Amino acid sequence: LNGINITFHLLQKDFGDMVWFPRKISDLDKAQNVLMYGSELDADHPGFKDPVYRKRREQFSAIANNFKHGNPIPRVQYTPEEVKTWGTVFLELHRLYVLHAVPEYMDNWPELEKYCGYREDNVPQLQDVSVYLKRKTGFQLRPVAGYLSPRDFLSGLAFRVFHCTQYIRHSSDPFYTPEPDCCHELLGHMPLLANSSFAQFSQEIGLASLGASDADIEKLATLYFFTVEFGLCKQADSTFKVYGAGLLSSVAELQHAITSEKKIKKFDPELTCQEECIITSYQNAYYYTDSFEEAKEQMRAFAESIQRPFGVRYNPYTMSVEVLSNAQKITAVVSELRGDLSIVCSALRKISATDENLDVDSIANMLHNSLNVRGGASGGGGSPCSPDNSDNSTAEGD
C-alpha cells in the first residue's frame, strides 16, 4: 500500500550477521556517532582560530550530547552576531526561493513564519519547529553536535526523527560552511519536511537502511545526498526547480546548479548511487525526477535490492519498528491493513457519485500494484474498492 513501509525480503540468511539497529524511538539515544566537528574543529574550519566561537560550539555540543528522547529541546539565546549571520543568509536565500524552489517548498513558508518565527531578525528555536513538524507530518527534531554517521542519521529518519544542528556557521563567511549548521537545516530541510509526500520519501530511505550492510548504507547515503540534499524536480514547462537542502541553503551552488543544465541528469538509483559526493566544492552532477512520487517509487524498487532476511514497518502508535521475519507477523500486519482498506473502500463508494475529480480506476491500480507481491500473479484485475462491488469482495483484494 502507498504509505505503508513494508519490504517483503524473506531471504535465507543468519540473523546473527545483522548489525544492530534501533527498534524503538528511544533507542536513538544510543545512535549518536558524530564523525566530524562537534566541539572539535579542524584547522581549516573558519572558526578554528576563534576561541569565542570554539567555546560556543562546546555549549551546543553539550546540549546535543545530554539530550534524551522525550525531553523538550533546550532553547538557545542566540548572540547578536549569530542573529546577524542568520539574517544575512536568510535575506539572500529567501530572494532566490521564489524563483528557484519547488512549489512544495514555498507552500509551508507562511506557516513557518507564523508558528516558528521564521524571519530575518530571529533564529527559530528547534523545539518550536519540532512541535510544528510533529503536527504536520509526524516528524520531530533531535539536536546533534555535528556531522552524524550515515547509519545513525538514516536510522533516525526511519522513526521520522531528523537530527538537526543548533549552532550557526562562523560569521567570517556567512555563505560558506564546511558542515551542516542550523541555517542549512532550518532553511534547507524544514519547509519540505512539512510536506507529507516528502516526509514519507525521507522516512522510506531511513527504513531501507535498518539492518543494511555497510556497502548498502553507503549507497543509500549517496542517494539521500543527491535527492534530499541536491535534488531537482522537472516542472511541466520543462524548467527545473530545486528541492535539495544543500542547494536551498547555498546561494552560490543554487545559482550554479540551475545554470548548469549539462550537469543535470535523470535520477536513476542504480547509477546515481555510484556518483561521488563532494563536500568542499560543487557537485559534478545534479539529478532530477518529475515528482517526489517518482523518486519514492524508484527508491522503493532500489530498496528491494538490499540484502536483508526480513522486512520492516514503522508503527506510529508505538513509535517502534516492527521486524517482519515470518508469515505470522506479516499476517498480523495484513489484518491491520484490512481495516484501513475497508475505510478507503467505503469512502470511495460514498463519494464516487458526487466527486467529479475522483478517479476510481487510478486508485484501484495503485492498490493493485502495491499488493502485487508475486510479480504479477496476484489474481484478476478487478478492483476491491469499485463502487459497484460488495463488501465481501474487499476481503478478496487484501
# chains A, B, ... in the order shown; residues from 1 in each chain; ligands from 1
>>> residues_around(residues="Thr222 in chain A", least_positions_apart="5", cutoff="9 Å", atoms="only C-alpha atoms", output="list in words")
Ile217, Thr227, Thr272, Cys273, Gln274, Glu275, Glu276 and Cys277 of chain A
>>> select_by_dssp(residues="range 32-214 of chain A", states="strand (DSSP E or B)", output="list of chain:residue names")
A:Val34, A:Leu35, A:Met36, A:Ala101, A:Arg119, A:Asn122, A:Gln140, A:Leu141, A:Arg142, A:Pro143, A:Tyr147, A:Leu148, A:Val161, A:Phe162, A:His163, A:Cys164
>>> closest_residue(among="A:Phe310, A:Gln77, A:Glu253, A:Arg119", to="Ala327 in chain A", atoms="only C-alpha atoms")
A:Phe310
>>> closest_residue(among="A:Leu99, A:Cys345, A:Leu193, A:Leu358", to="Tyr132 in chain A", atoms="only C-alpha atoms")
A:Leu193
>>> atom_distance(atom1="CA of Phe302 in chain A", atom2="CA of Ala208 in chain A")
9.2 Å
>>> residues_around(residues="Pro80 in chain A", least_positions_apart="3", cutoff="12 Å", atoms="only C-alpha atoms", output="list in words")
Gln77, Val83, Lys84, Thr85, Trp86, Gly87, Asp121, Asn122, Val123, Ile168 and Ser171 of chain A
>>> write_last_selection(atoms="C-alpha atoms", output="short mmCIF file (atom, residue, chain, number, x, y, z; two decimals), in the first residue's frame")
data_model
loop_
_atom_site.label_atom_id
_atom_site.label_comp_id
_atom_site.auth_asym_id
_atom_site.auth_seq_id
_atom_site.Cartn_x
_atom_site.Cartn_y
_atom_site.Cartn_z
CA GLN A 77 19.65 32.62 23.38
CA VAL A 83 21.43 36.54 14.58
CA LYS A 84 23.20 38.86 12.13
CA THR A 85 24.80 35.89 10.35
CA TRP A 86 21.44 34.14 10.17
CA GLY A 87 19.79 37.30 8.82
CA ASP A 121 15.94 39.06 12.91
CA ASN A 122 15.13 35.78 14.66
CA VAL A 123 16.74 32.33 14.62
CA ILE A 168 25.33 28.92 13.49
CA SER A 171 30.38 34.97 10.88
#
>>> residues_around(residues="Gly188 in chain A", least_positions_apart="2", cutoff="9 Å", atoms="only C-alpha atoms", output="PyMOL selection string")
chain A and resi 183-186+190-192+229+243-250
>>> write_last_selection(atoms="C-alpha atoms", output="CSV table (one decimal), in the first residue's frame")
chain,number,residue,atom,x,y,z
A,183,CYS,CA,21.0,27.8,8.6
A,184,HIS,CA,21.2,24.7,6.4
A,185,GLU,CA,18.8,22.7,8.5
A,186,LEU,CA,16.1,25.3,9.1
A,190,MET,CA,12.3,22.1,7.4
A,191,PRO,CA,9.9,23.5,4.7
A,192,LEU,CA,9.8,20.2,2.9
A,229,GLU,CA,20.4,17.4,-0.3
A,243,TYR,CA,14.2,20.8,-3.5
A,244,GLY,CA,17.6,19.7,-2.3
A,245,ALA,CA,18.5,21.3,1.1
A,246,GLY,CA,22.2,21.6,0.2
A,247,LEU,CA,21.2,23.8,-2.7
A,248,LEU,CA,18.5,25.7,-0.9
A,249,SER,CA,21.0,26.8,1.8
A,250,SER,CA,23.8,27.8,-0.5
>>> select_by_dssp(residues="range 154-377 of chain A", states="helix (DSSP H, G or I)", output="PyMOL selection string")
chain A and resi 154-158+182-193+196-209+214-229+245-248+251-258+261-263+269-272+292-303+327-351+360-370
>>> residues_around(residues="Thr280 in chain A", least_positions_apart="3", cutoff="12 Å", atoms="only C-alpha atoms", output="list in words")
Asp44, His45, Tyr176, Thr177, Pro178, Glu179, Gly246, Glu253, Cys277, Gln283 and Asn284 of chain A
>>> write_last_selection(atoms="N, CA and C atoms", output="short mmCIF file (atom, residue, chain, number, x, y, z; two decimals), in the first residue's frame")
data_model
loop_
_atom_site.label_atom_id
_atom_site.label_comp_id
_atom_site.auth_asym_id
_atom_site.auth_seq_id
_atom_site.Cartn_x
_atom_site.Cartn_y
_atom_site.Cartn_z
N ASP A 44 41.22 23.86 9.15
CA ASP A 44 40.73 24.64 8.02
C ASP A 44 39.30 25.15 8.23
N HIS A 45 38.74 24.91 9.40
CA HIS A 45 37.40 25.42 9.69
C HIS A 45 37.46 26.93 9.92
N TYR A 176 29.36 30.35 3.48
CA TYR A 176 30.11 29.10 3.38
C TYR A 176 30.14 28.41 4.74
N THR A 177 29.95 27.12 4.72
CA THR A 177 30.16 26.30 5.91
C THR A 177 30.60 24.91 5.46
N PRO A 178 31.64 24.35 6.09
CA PRO A 178 32.10 23.01 5.71
C PRO A 178 31.28 21.89 6.35
N GLU A 179 30.25 22.26 7.08
CA GLU A 179 29.44 21.30 7.83
C GLU A 179 28.00 21.79 7.86
N GLY A 246 20.85 21.12 0.38
CA GLY A 246 22.19 21.65 0.18
C GLY A 246 22.20 22.81 -0.80
N GLU A 253 25.89 27.75 -4.88
CA GLU A 253 25.65 26.47 -5.57
C GLU A 253 24.24 26.38 -6.12
N CYS A 277 30.13 11.98 -3.87
CA CYS A 277 29.57 13.08 -3.08
C CYS A 277 30.69 14.06 -2.74
N GLN A 283 29.01 19.98 -6.99
CA GLN A 283 28.87 18.60 -7.44
C GLN A 283 29.20 18.47 -8.92
N ASN A 284 29.64 17.27 -9.30
CA ASN A 284 29.90 17.00 -10.71
C ASN A 284 28.61 16.81 -11.50
#
>>> residues_around(residues="Glu297 in chain A", least_positions_apart="2", cutoff="12 Å", atoms="only C-alpha atoms", output="list in words")
Leu1, Asn2, Gly3, Asn5, Ser197, Gln200, Phe201, Glu204, Ile205, Phe267, Asp268, Pro269, Thr289, Asp290, Ser291, Phe292, Glu293, Glu294, Ala295, Met299, Arg300, Ala301, Phe302, Ala303, Glu304, Met366, Asn369 and Ser370 of chain A
>>> write_last_selection(atoms="C-alpha atoms", output="mmCIF file, in the first residue's frame")
data_model
loop_
_atom_site.group_PDB
_atom_site.id
_atom_site.type_symbol
_atom_site.label_atom_id
_atom_site.label_comp_id
_atom_site.auth_asym_id
_atom_site.auth_seq_id
_atom_site.Cartn_x
_atom_site.Cartn_y
_atom_site.Cartn_z
ATOM 1 C CA LEU A 1 0.000 0.000 0.000
ATOM 2 C CA ASN A 2 1.123 3.535 -0.706
ATOM 3 C CA GLY A 3 2.257 4.887 2.642
ATOM 4 C CA ASN A 5 6.506 0.796 4.615
ATOM 5 C CA SER A 197 4.891 13.240 0.408
ATOM 6 C CA GLN A 200 7.288 9.831 3.582
ATOM 7 C CA PHE A 201 10.079 9.741 0.993
ATOM 8 C CA GLU A 204 11.368 5.258 3.495
ATOM 9 C CA ILE A 205 15.066 5.893 2.876
ATOM 10 C CA PHE A 267 17.717 10.256 -11.406
ATOM 11 C CA ASP A 268 18.423 6.533 -11.628
ATOM 12 C CA PRO A 269 19.229 4.947 -8.253
ATOM 13 C CA THR A 289 12.814 13.456 -11.112
ATOM 14 C CA ASP A 290 9.443 14.624 -12.369
ATOM 15 C CA SER A 291 7.930 14.464 -8.875
ATOM 16 C CA PHE A 292 8.532 13.291 -5.320
ATOM 17 C CA GLU A 293 6.244 10.347 -6.055
ATOM 18 C CA GLU A 294 8.513 9.238 -8.886
ATOM 19 C CA ALA A 295 11.533 9.454 -6.594
ATOM 20 C CA MET A 299 13.720 4.279 -4.170
ATOM 21 C CA ARG A 300 11.232 1.545 -3.263
ATOM 22 C CA ALA A 301 12.417 -0.504 -6.214
ATOM 23 C CA PHE A 302 16.040 0.084 -5.221
ATOM 24 C CA ALA A 303 15.317 -0.943 -1.626
ATOM 25 C CA GLU A 304 14.291 -4.369 -2.933
ATOM 26 C CA MET A 366 -2.436 1.928 -7.082
ATOM 27 C CA ASN A 369 0.165 -2.670 -7.863
ATOM 28 C CA SER A 370 1.092 -2.205 -4.210
#
